[in-house]
file target-v3.cif (mmCIF, C-alpha atoms)
data_start
#
loop_
_atom_site.label_atom_id
_atom_site.label_comp_id
_atom_site.auth_asym_id
_atom_site.auth_seq_id
_atom_site.Cartn_x
_atom_site.Cartn_y
_atom_site.Cartn_z
CA MET A 1 69.18 132.46 90.56
CA ASN A 2 65.64 133.75 90.86
CA ARG A 3 64.34 130.23 90.31
CA LEU A 4 66.60 128.86 93.07
CA CYS A 5 65.40 131.54 95.49
CA LEU A 6 61.82 130.68 94.65
CA ILE A 7 62.40 126.97 95.33
CA LEU A 8 64.14 127.71 98.63
CA GLY A 9 61.32 130.01 99.61
CA LEU A 10 58.74 127.32 98.90
CA LEU A 11 60.70 124.79 100.95
CA LEU A 12 60.88 127.16 103.89
CA LEU A 13 57.17 127.80 103.59
CA LEU A 14 56.38 124.08 103.57
CA THR A 15 58.60 123.27 106.55
CA GLY A 16 57.32 126.26 108.49
CA CYS A 17 53.62 125.60 107.94
CA ALA A 18 53.45 123.23 110.91
CA SER A 19 54.52 125.99 113.27
CA SER A 20 52.59 128.94 111.84
CA THR A 21 49.03 128.09 112.88
CA PRO A 22 47.43 129.24 116.15
CA ARG A 23 46.88 125.61 117.11
CA MET A 24 50.58 124.83 116.86
CA ALA A 25 51.30 127.85 119.03
CA GLU A 26 49.01 126.29 121.65
CA VAL A 27 50.91 122.99 121.35
CA ARG A 28 54.21 124.80 121.89
CA ALA A 29 52.74 126.51 124.96
CA PHE A 30 51.65 123.10 126.28
CA ALA A 31 55.16 121.73 125.78
CA ALA A 32 56.57 124.73 127.65
CA ASP A 33 54.68 123.54 130.75
CA ALA A 34 56.89 120.43 131.01
CA PRO A 35 59.19 122.00 133.65
CA LYS A 36 56.17 122.12 135.98
CA LEU A 37 56.66 118.37 136.41
CA GLY A 38 59.74 119.25 138.43
CA ALA A 39 57.66 119.52 141.62
CA TYR A 40 56.69 115.85 141.25
CA HIS A 41 60.34 114.94 140.68
CA GLU A 42 61.43 116.85 143.79
CA LEU A 43 58.86 115.05 145.95
CA THR A 44 59.82 111.68 144.49
CA GLU A 45 63.44 112.29 145.48
CA ARG A 46 62.36 113.42 148.92
CA TYR A 47 60.36 110.20 149.32
CA ARG A 48 63.42 108.23 148.18
CA HIS A 49 65.48 109.62 151.07
CA THR A 50 62.85 109.15 153.79
CA TYR A 51 64.92 106.68 155.80
CA GLN A 52 68.01 108.89 155.92
CA ARG A 53 65.97 111.76 157.41
CA GLN A 54 64.05 109.59 159.85
CA GLN A 55 66.90 107.42 161.09
CA PRO A 56 68.28 109.84 163.73
CA PHE A 57 64.83 110.01 165.33
CA MET A 58 64.09 106.27 165.33
CA TYR A 59 64.17 103.86 168.21
CA PRO A 60 66.61 100.97 167.58
CA ALA A 61 63.81 98.40 167.36
CA ALA A 62 62.38 100.13 164.27
CA ASP A 63 65.68 100.67 162.48
CA ALA A 64 66.16 97.17 161.00
CA ARG A 65 62.63 97.11 159.64
CA GLU A 66 63.02 100.55 158.09
CA GLN A 67 66.29 99.56 156.44
CA GLN A 68 64.49 96.78 154.58
CA LEU A 69 61.72 99.15 153.53
CA ASP A 70 64.33 101.65 152.36
CA ALA A 71 65.95 99.14 150.00
CA ARG A 72 62.62 98.50 148.33
CA ARG A 73 61.82 102.23 148.24
CA GLN A 74 65.06 102.95 146.36
CA GLN A 75 64.15 100.45 143.65
CA ALA A 76 60.59 101.73 143.37
CA CYS A 77 61.67 105.37 143.07
CA ASP A 78 63.84 104.48 140.08
CA ASP A 79 60.57 103.57 138.35
CA PHE A 80 58.47 106.37 139.85
CA VAL A 81 60.72 109.07 138.42
CA GLN A 82 60.46 107.52 134.94
CA LEU A 83 56.80 108.52 134.79
CA GLN A 84 57.89 112.14 134.79
CA TYR A 85 60.56 111.52 132.16
CA GLY A 86 58.08 109.76 129.87
CA LEU A 87 55.43 112.48 130.14
CA GLN A 88 58.01 115.23 129.75
CA ALA A 89 59.47 113.60 126.65
CA TYR A 90 55.98 113.30 125.13
CA MET A 91 55.22 116.97 125.80
CA GLN A 92 58.50 118.24 124.42
CA ALA A 93 58.24 115.95 121.40
CA LEU A 94 54.96 117.64 120.57
CA GLY A 95 56.61 121.02 121.02
CA LYS A 96 59.38 120.11 118.62
CA LEU A 97 56.95 118.79 116.02
CA ALA A 98 55.00 122.04 116.39
CA GLY A 99 58.08 124.04 115.48
CA ASP A 100 59.88 124.73 118.77
CA ARG A 101 63.57 124.06 118.21
CA ARG A 102 64.62 124.36 121.87
CA TYR A 103 64.12 120.69 122.64
CA ASP A 104 66.79 118.03 122.20
CA LEU A 105 64.79 114.82 121.97
CA ALA A 106 67.95 112.74 121.86
CA ASP A 107 68.74 113.75 125.44
CA GLN A 108 65.14 113.18 126.49
CA LEU A 109 65.08 109.69 125.03
CA LYS A 110 68.35 108.79 126.77
CA SER A 111 66.68 109.46 130.13
CA ILE A 112 63.80 107.07 129.39
CA ARG A 113 64.31 103.47 130.43
CA THR A 114 63.07 100.69 128.19
CA GLY A 115 60.60 99.58 130.83
CA ILE A 116 59.44 99.93 134.38
CA LYS A 117 57.49 97.52 136.55
CA ALA A 118 54.35 97.74 138.62
CA TRP A 119 54.51 98.25 142.38
CA PRO A 120 50.94 97.32 143.38
CA ASP A 121 51.40 98.09 147.06
CA THR A 122 52.17 101.71 146.14
CA GLY A 123 49.33 102.10 143.64
CA LEU A 124 51.52 101.86 140.52
CA GLU A 125 49.68 99.25 138.46
CA ASP A 126 50.21 97.44 135.17
CA ARG A 127 47.93 99.88 133.34
CA HIS A 128 50.20 102.74 134.41
CA VAL A 129 53.28 100.83 133.28
CA ASN A 130 51.70 100.18 129.87
CA ALA A 131 50.74 103.85 129.57
CA TYR A 132 54.31 104.92 130.31
CA ALA A 133 55.58 102.53 127.62
CA GLY A 134 53.08 104.06 125.20
CA LEU A 135 54.32 107.60 125.83
CA ALA A 136 57.93 106.46 125.45
CA ARG A 137 57.09 104.94 122.05
CA LEU A 138 55.33 108.13 120.92
CA ALA A 139 58.29 110.27 121.96
CA ALA A 140 60.67 107.96 120.07
CA ARG A 141 58.48 108.11 116.97
CA ALA A 142 58.47 111.91 117.11
CA PHE A 143 62.28 111.91 116.98
CA THR A 144 62.21 111.08 113.25
CA ALA A 145 58.70 112.29 112.35
CA PRO A 146 58.19 115.19 109.92
CA LEU A 147 57.32 118.63 111.27
CA GLN A 148 53.69 118.57 110.19
CA GLU A 149 50.50 119.48 111.97
CA ASP A 150 49.00 116.13 110.93
CA THR A 151 51.85 114.36 112.75
CA VAL A 152 51.19 116.38 115.91
CA ASN A 153 47.49 115.54 115.75
CA ALA A 154 48.13 111.83 115.19
CA ILE A 155 50.50 111.59 118.16
CA MET A 156 48.08 113.48 120.38
CA ARG A 157 45.24 111.13 119.46
CA GLU A 158 47.36 108.15 120.43
CA GLY A 159 48.55 109.90 123.55
CA ARG A 160 45.09 110.66 124.91
CA GLN A 161 44.72 107.59 127.12
CA PRO A 162 48.40 107.09 128.08
CA VAL A 163 48.68 110.68 129.28
CA GLN A 164 45.57 110.26 131.41
CA GLU A 165 46.88 107.02 132.92
CA VAL A 166 50.35 108.41 133.66
CA LEU A 167 48.87 111.49 135.32
CA ASP A 168 46.67 109.18 137.39
CA ALA A 169 49.76 107.23 138.46
CA MET A 170 51.60 110.40 139.43
CA ARG A 171 48.66 111.61 141.50
CA THR A 172 48.45 108.23 143.21
CA LEU A 173 52.14 108.37 144.08
CA LEU A 174 51.84 111.93 145.37
CA ARG A 175 49.24 110.64 147.81
CA LEU A 176 51.70 107.93 148.87
CA TYR A 177 54.46 110.51 149.36
CA SER A 178 52.12 112.77 151.32
CA LYS A 179 51.07 109.96 153.65
CA SER A 180 54.72 109.02 154.16
CA SER A 181 55.55 112.65 154.93
CA ASP A 182 52.72 112.82 157.48
CA ASN A 183 54.07 109.69 159.18
CA GLU A 184 57.55 111.18 159.19
CA GLU A 185 56.22 114.38 160.74
CA ASP A 186 54.44 112.40 163.47
CA LEU A 187 57.64 110.50 164.21
CA VAL A 188 60.02 113.47 164.24
CA ILE A 189 57.86 116.11 165.89
CA GLY A 190 56.37 113.53 168.26
CA MET A 191 59.80 112.43 169.41
CA LEU A 192 60.96 116.00 170.01
CA GLU A 193 57.78 116.97 171.82
CA SER A 194 57.99 113.93 174.10
CA GLU A 195 61.70 114.26 174.91
CA ILE A 196 62.19 118.02 175.28
CA PRO A 197 60.14 118.33 178.53
CA PHE A 198 62.49 115.87 180.23
CA LEU A 199 65.62 117.97 179.59
CA ASP A 200 67.00 119.88 182.54
CA ALA A 201 67.03 123.60 181.65
CA SER A 202 70.15 124.27 183.72
CA ARG A 203 72.14 121.08 183.18
CA ASP A 204 71.17 120.43 179.52
CA ARG A 205 71.06 124.03 178.36
CA LEU A 206 72.94 123.47 175.09
CA LEU A 207 71.08 120.26 174.28
CA LEU A 208 67.76 121.97 175.00
CA ALA A 209 68.61 124.86 172.70
CA LEU A 210 69.59 122.47 169.90
CA ALA A 211 66.44 120.39 170.36
CA ARG A 212 64.17 123.43 170.24
CA SER A 213 65.99 124.78 167.19
CA THR A 214 65.60 121.42 165.46
CA GLN A 215 61.92 121.34 166.38
CA GLN A 216 61.29 124.78 164.87
CA ALA A 217 63.26 123.94 161.72
CA LYS A 218 61.41 120.66 161.22
CA GLN A 219 58.01 122.29 161.73
CA ALA A 220 58.87 124.90 159.08
CA GLU A 221 60.17 122.15 156.77
CA PHE A 222 56.95 120.16 156.95
CA ARG A 223 54.84 123.27 156.33
CA LEU A 224 56.85 124.01 153.18
CA ILE A 225 56.59 120.40 152.01
CA GLY A 226 52.82 120.61 152.40
CA LEU A 227 52.83 123.59 150.05
CA ARG A 228 54.98 121.66 147.57
CA PHE A 229 52.44 118.84 147.51
CA THR A 230 49.69 121.36 146.76
CA LEU A 231 51.77 122.89 143.96
CA ALA A 232 52.63 119.49 142.45
CA ARG A 233 48.95 118.48 142.34
CA LYS A 234 47.95 121.80 140.79
CA ASN A 235 50.63 121.43 138.13
CA LEU A 236 49.38 117.96 137.17
CA ASP A 237 45.83 119.31 136.99
CA LEU A 238 47.00 122.16 134.74
CA ILE A 239 48.81 119.81 132.36
CA GLU A 240 45.76 117.55 132.20
CA GLN A 241 43.43 120.48 131.46
CA ARG A 242 45.64 121.89 128.71
CA HIS A 243 46.12 118.50 127.11
CA ARG A 244 42.37 117.86 127.17
CA ALA A 245 41.70 121.29 125.64
CA LEU A 246 44.05 120.50 122.75
CA LEU A 247 42.37 117.13 122.25
CA ASP A 248 38.92 118.68 122.26
CA ARG A 249 39.96 120.93 119.36
CA LEU A 250 41.43 118.17 117.23
CA PRO A 251 40.10 118.25 113.68
CA ALA A 252 37.75 115.43 112.70
CA GLN A 253 39.44 112.49 110.97
#

call {"tool": "encode", "arguments": {"input": "target-v3.cif", "output": "structure tokens"}}
result
Amino acid sequence: MNRLCLILGLLLLLTGCASSTPRMAEVRAFAADAPKLGAYHELTERYRHTYQRQQPFMYPAADAREQQLDARRQQACDDFVQLQYGLQAYMQALGKLAGDRRYDLADQLKSIRTGIKAWPDTGLEDRHVNAYAGLARLAARAFTAPLQEDTVNAIMREGRQPVQEVLDAMRTLLRLYSKSSDNEEDLVIGMLESEIPFLDASRDRLLLALARSTQQAKQAEFRLIGLRFTLARKNLDLIEQRHRALLDRLPAQ
């Protein structure tokens, strides 16, 4: 009995060694930052639905053209959101390998598509697509890898360049979303500002009240979206900095 307890104790010690070092605690903290990618996801979905928000404010001549652009935007956003899923899966895979049992990698891997394509006119290039594929492979490998610090270090070494490229892609797309949001603001606020002065205050009282209310709501909406873009960029910078700090402290091979 004593011998069995000793063997079990040694096994627990061996399996727990990957999670007991200060470095692995830092890796778990890095993985815990994955939810910060949610701001990018939110803005991707907002970009996806640009046409639906703009359509009530469009002149008929622009509507057909925007419908065509919307169809392409829907397809592109299916790929844009995968960048977040791939990076998130990589981060949480590291967390699991470092001893954090909160993460279900099976669910993470289900959300990752086998491949995405480049959209050069948006800034998403082949190098970004290849980097995403690299992170997806690393996350899949971690699903069956042993919980060892050496495994964590090996995956991080291989993830150095793909993480940098995927973050670059996400920043590029945030700039695209921001420009699109600025254009939307010009369209919506510009239309309201140009039309409201022509309403008759006595005859169109209800319409005037609704238009001014819409104008105020839209102005507040665009201010908040501007803050979300700032937050999303800061979150990407934070993830990059923490990943680089872990890489800088990797033991020599």

call {"tool": "atom_distance", "arguments": {"input": "target-v3.cif", "atom1": "atom CA of Lys110 of chain A", "atom2": "atom CA of Ala145 of chain A"}}
result
17.7 Å

call {"tool": "atom_distance", "arguments": {"input": "target-v3.cif", "atom1": "atom CA of Leu187 of chain A", "atom2": "atom CA of Ala61 of chain A"}}
result
13.9 Å

call {"tool": "closest_atom_pairs", "arguments": {"input": "target-v3.cif", "of": "segment 1-103 of chain A", "to": "segment 123-144 of chain A", "cutoff": "10 Å", "atoms": "only C-alpha atoms", "output": "JSON lines"}}
result
{"residue": "A:Ala76", "atom": "CA", "partner": "A:Leu124", "partner_atom": "CA", "distance": 9.5}
{"residue": "A:Asp79", "atom": "CA", "partner": "A:Val129", "partner_atom": "CA", "distance": 9.3}
{"residue": "A:Phe80", "atom": "CA", "partner": "A:Leu124", "partner_atom": "CA", "distance": 8.3}
{"residue": "A:Gln82", "atom": "CA", "partner": "A:Tyr132", "partner_atom": "CA", "distance": 8.1}
{"residue": "A:Leu83", "atom": "CA", "partner": "A:Tyr132", "partner_atom": "CA", "distance": 6.3}
{"residue": "A:Gln84", "atom": "CA", "partner": "A:Tyr132", "partner_atom": "CA", "distance": 9.2}
{"residue": "A:Tyr85", "atom": "CA", "partner": "A:Ala136", "partner_atom": "CA", "distance": 8.8}
{"residue": "A:Gly86", "atom": "CA", "partner": "A:Ala136", "partner_atom": "CA", "distance": 5.5}
{"residue": "A:Leu87", "atom": "CA", "partner": "A:Leu135", "partner_atom": "CA", "distance": 6.6}
{"residue": "A:Gln88", "atom": "CA", "partner": "A:Ala139", "partner_atom": "CA", "distance": 9.2}
{"residue": "A:Ala89", "atom": "CA", "partner": "A:Ala139", "partner_atom": "CA", "distance": 5.9}
{"residue": "A:Tyr90", "atom": "CA", "partner": "A:Ala139", "partner_atom": "CA", "distance": 5.0}
{"residue": "A:Met91", "atom": "CA", "partner": "A:Ala139", "partner_atom": "CA", "distance": 8.3}
{"residue": "A:Gln92", "atom": "CA", "partner": "A:Ala139", "partner_atom": "CA", "distance": 8.3}
{"residue": "A:Ala93", "atom": "CA", "partner": "A:Ala139", "partner_atom": "CA", "distance": 5.7}
{"residue": "A:Leu94", "atom": "CA", "partner": "A:Ala142", "partner_atom": "CA", "distance": 7.6}
{"residue": "A:Lys96", "atom": "CA", "partner": "A:Ala142", "partner_atom": "CA", "distance": 8.4}
{"residue": "A:Leu97", "atom": "CA", "partner": "A:Ala142", "partner_atom": "CA", "distance": 7.1}

call {"tool": "atom_distance", "arguments": {"input": "target-v3.cif", "atom1": "atom CA of Ile116 of chain A", "atom2": "atom CA of Leu174 of chain A"}}
result
18.0 Å

call {"tool": "axis_aligned_box", "arguments": {"input": "target-v3.cif", "around": "segment 85-98 of chain A", "padding_each_side": "4 Å", "output": "JSON"}}
result
{"center_x": 57.8, "center_y": 115.9, "center_z": 124.1, "size_x": 13.6, "size_y": 20.3, "size_z": 24.1}

call {"tool": "residues_near_point", "arguments": {"input": "target-v3.cif", "point": "(48.7, 110.7, 137.8)", "cutoff": "10 Å", "atoms": "all atoms listed in the file", "output": "number ranges by chain"}}
result
A: 83-84, 124, 128, 163-174, 233, 236-237, 240

call {"tool": "closest_residue", "arguments": {"input": "target-v3.cif", "among": "A:Ala29, A:Gly38, A:Ser202, A:Thr21", "to": "Leu231 of chain A", "atoms": "all atoms listed in the file"}}
result
A:Gly38

call {"tool": "residues_near_point", "arguments": {"input": "target-v3.cif", "point": "(61.3, 121.4, 162.7)", "cutoff": "12 Å", "atoms": "all atoms listed in the file", "output": "list in words"}}
result
Arg53, Glu184, Glu185, Asp186, Leu187, Val188, Ile189, Gly190, Met191, Leu192, Glu193, Leu210, Ala211, Arg212, Ser213, Thr214, Gln215, Gln216, Ala217, Lys218, Gln219, Ala220, Glu221, Phe222, Arg223, Leu224 and Ile225 of chain A

call {"tool": "write_last_selection", "arguments": {"input": "target-v3.cif", "atoms": "C-alpha atoms", "output": "CSV table (one decimal), in the coordinates of the input"}}
result
chain,number,residue,atom,x,y,z
A,53,ARG,CA,66.0,111.8,157.4
A,184,GLU,CA,57.6,111.2,159.2
A,185,GLU,CA,56.2,114.4,160.7
A,186,ASP,CA,54.4,112.4,163.5
A,187,LEU,CA,57.6,110.5,164.2
A,188,VAL,CA,60.0,113.5,164.2
A,189,ILE,CA,57.9,116.1,165.9
A,190,GLY,CA,56.4,113.5,168.3
A,191,MET,CA,59.8,112.4,169.4
A,192,LEU,CA,61.0,116.0,170.0
A,193,GLU,CA,57.8,117.0,171.8
A,210,LEU,CA,69.6,122.5,169.9
A,211,ALA,CA,66.4,120.4,170.4
A,212,ARG,CA,64.2,123.4,170.2
A,213,SER,CA,66.0,124.8,167.2
A,214,THR,CA,65.6,121.4,165.5
A,215,GLN,CA,61.9,121.3,166.4
A,216,GLN,CA,61.3,124.8,164.9
A,217,ALA,CA,63.3,123.9,161.7
A,218,LYS,CA,61.4,120.7,161.2
A,219,GLN,CA,58.0,122.3,161.7
A,220,ALA,CA,58.9,124.9,159.1
A,221,GLU,CA,60.2,122.2,156.8
A,222,PHE,CA,57.0,120.2,157.0
A,223,ARG,CA,54.8,123.3,156.3
A,224,LEU,CA,56.8,124.0,153.2
A,225,ILE,CA,56.6,120.4,152.0

call {"tool": "resolve_selection", "arguments": {"input": "target-v3.cif", "expression": "the PyMOL selection byres ((chain A and resi 101) around 12)", "output": "number ranges by chain"}}
result
A: 16, 19, 28, 31-32, 92-100, 102-105, 147

call {"tool": "closest_residue", "arguments": {"input": "target-v3.cif", "among": "A:Ala106, A:Asp70, A:Tyr51, A:Leu247", "to": "Glu158 of chain A", "atoms": "all atoms listed in the file"}}
result
A:Leu247

call {"tool": "residues_around", "arguments": {"input": "target-v3.cif", "residues": "Arg73 of chain A", "least_positions_apart": "3", "cutoff": "10 Å", "atoms": "only C-alpha atoms", "output": "ChimeraX atom specification"}}
result
/A:47-51,67-70,76-78,80,122

call {"tool": "resolve_selection", "arguments": {"input": "target-v3.cif", "expression": "the PyMOL selection byres ((chain A and resi 156) around 9)", "output": "PDB file with C-alpha atoms, in the frame of the given file"}}
result
ATOM      1  CA  LEU A  94      54.960 117.640 120.570  1.00  0.00           C
ATOM      2  CA  THR A 151      51.850 114.360 112.750  1.00  0.00           C
ATOM      3  CA  VAL A 152      51.190 116.380 115.910  1.00  0.00           C
ATOM      4  CA  ASN A 153      47.490 115.540 115.750  1.00  0.00           C
ATOM      5  CA  ALA A 154      48.130 111.830 115.190  1.00  0.00           C
ATOM      6  CA  ILE A 155      50.500 111.590 118.160  1.00  0.00           C
ATOM      7  CA  ARG A 157      45.240 111.130 119.460  1.00  0.00           C
ATOM      8  CA  GLU A 158      47.360 108.150 120.430  1.00  0.00           C
ATOM      9  CA  GLY A 159      48.550 109.900 123.550  1.00  0.00           C
ATOM     10  CA  ARG A 160      45.090 110.660 124.910  1.00  0.00           C
ATOM     11  CA  HIS A 243      46.120 118.500 127.110  1.00  0.00           C
ATOM     12  CA  LEU A 246      44.050 120.500 122.750  1.00  0.00           C
ATOM     13  CA  LEU A 247      42.370 117.130 122.250  1.00  0.00           C
ATOM     14  CA  LEU A 250      41.430 118.170 117.230  1.00  0.00           C
TER      15      LEU A 250
END

call {"tool": "closest_residue", "arguments": {"input": "target-v3.cif", "among": "A:Gln161, A:Asn235, A:Gln241, A:Gln253", "to": "Leu37 of chain A", "atoms": "all atoms listed in the file"}}
result
A:Asn235
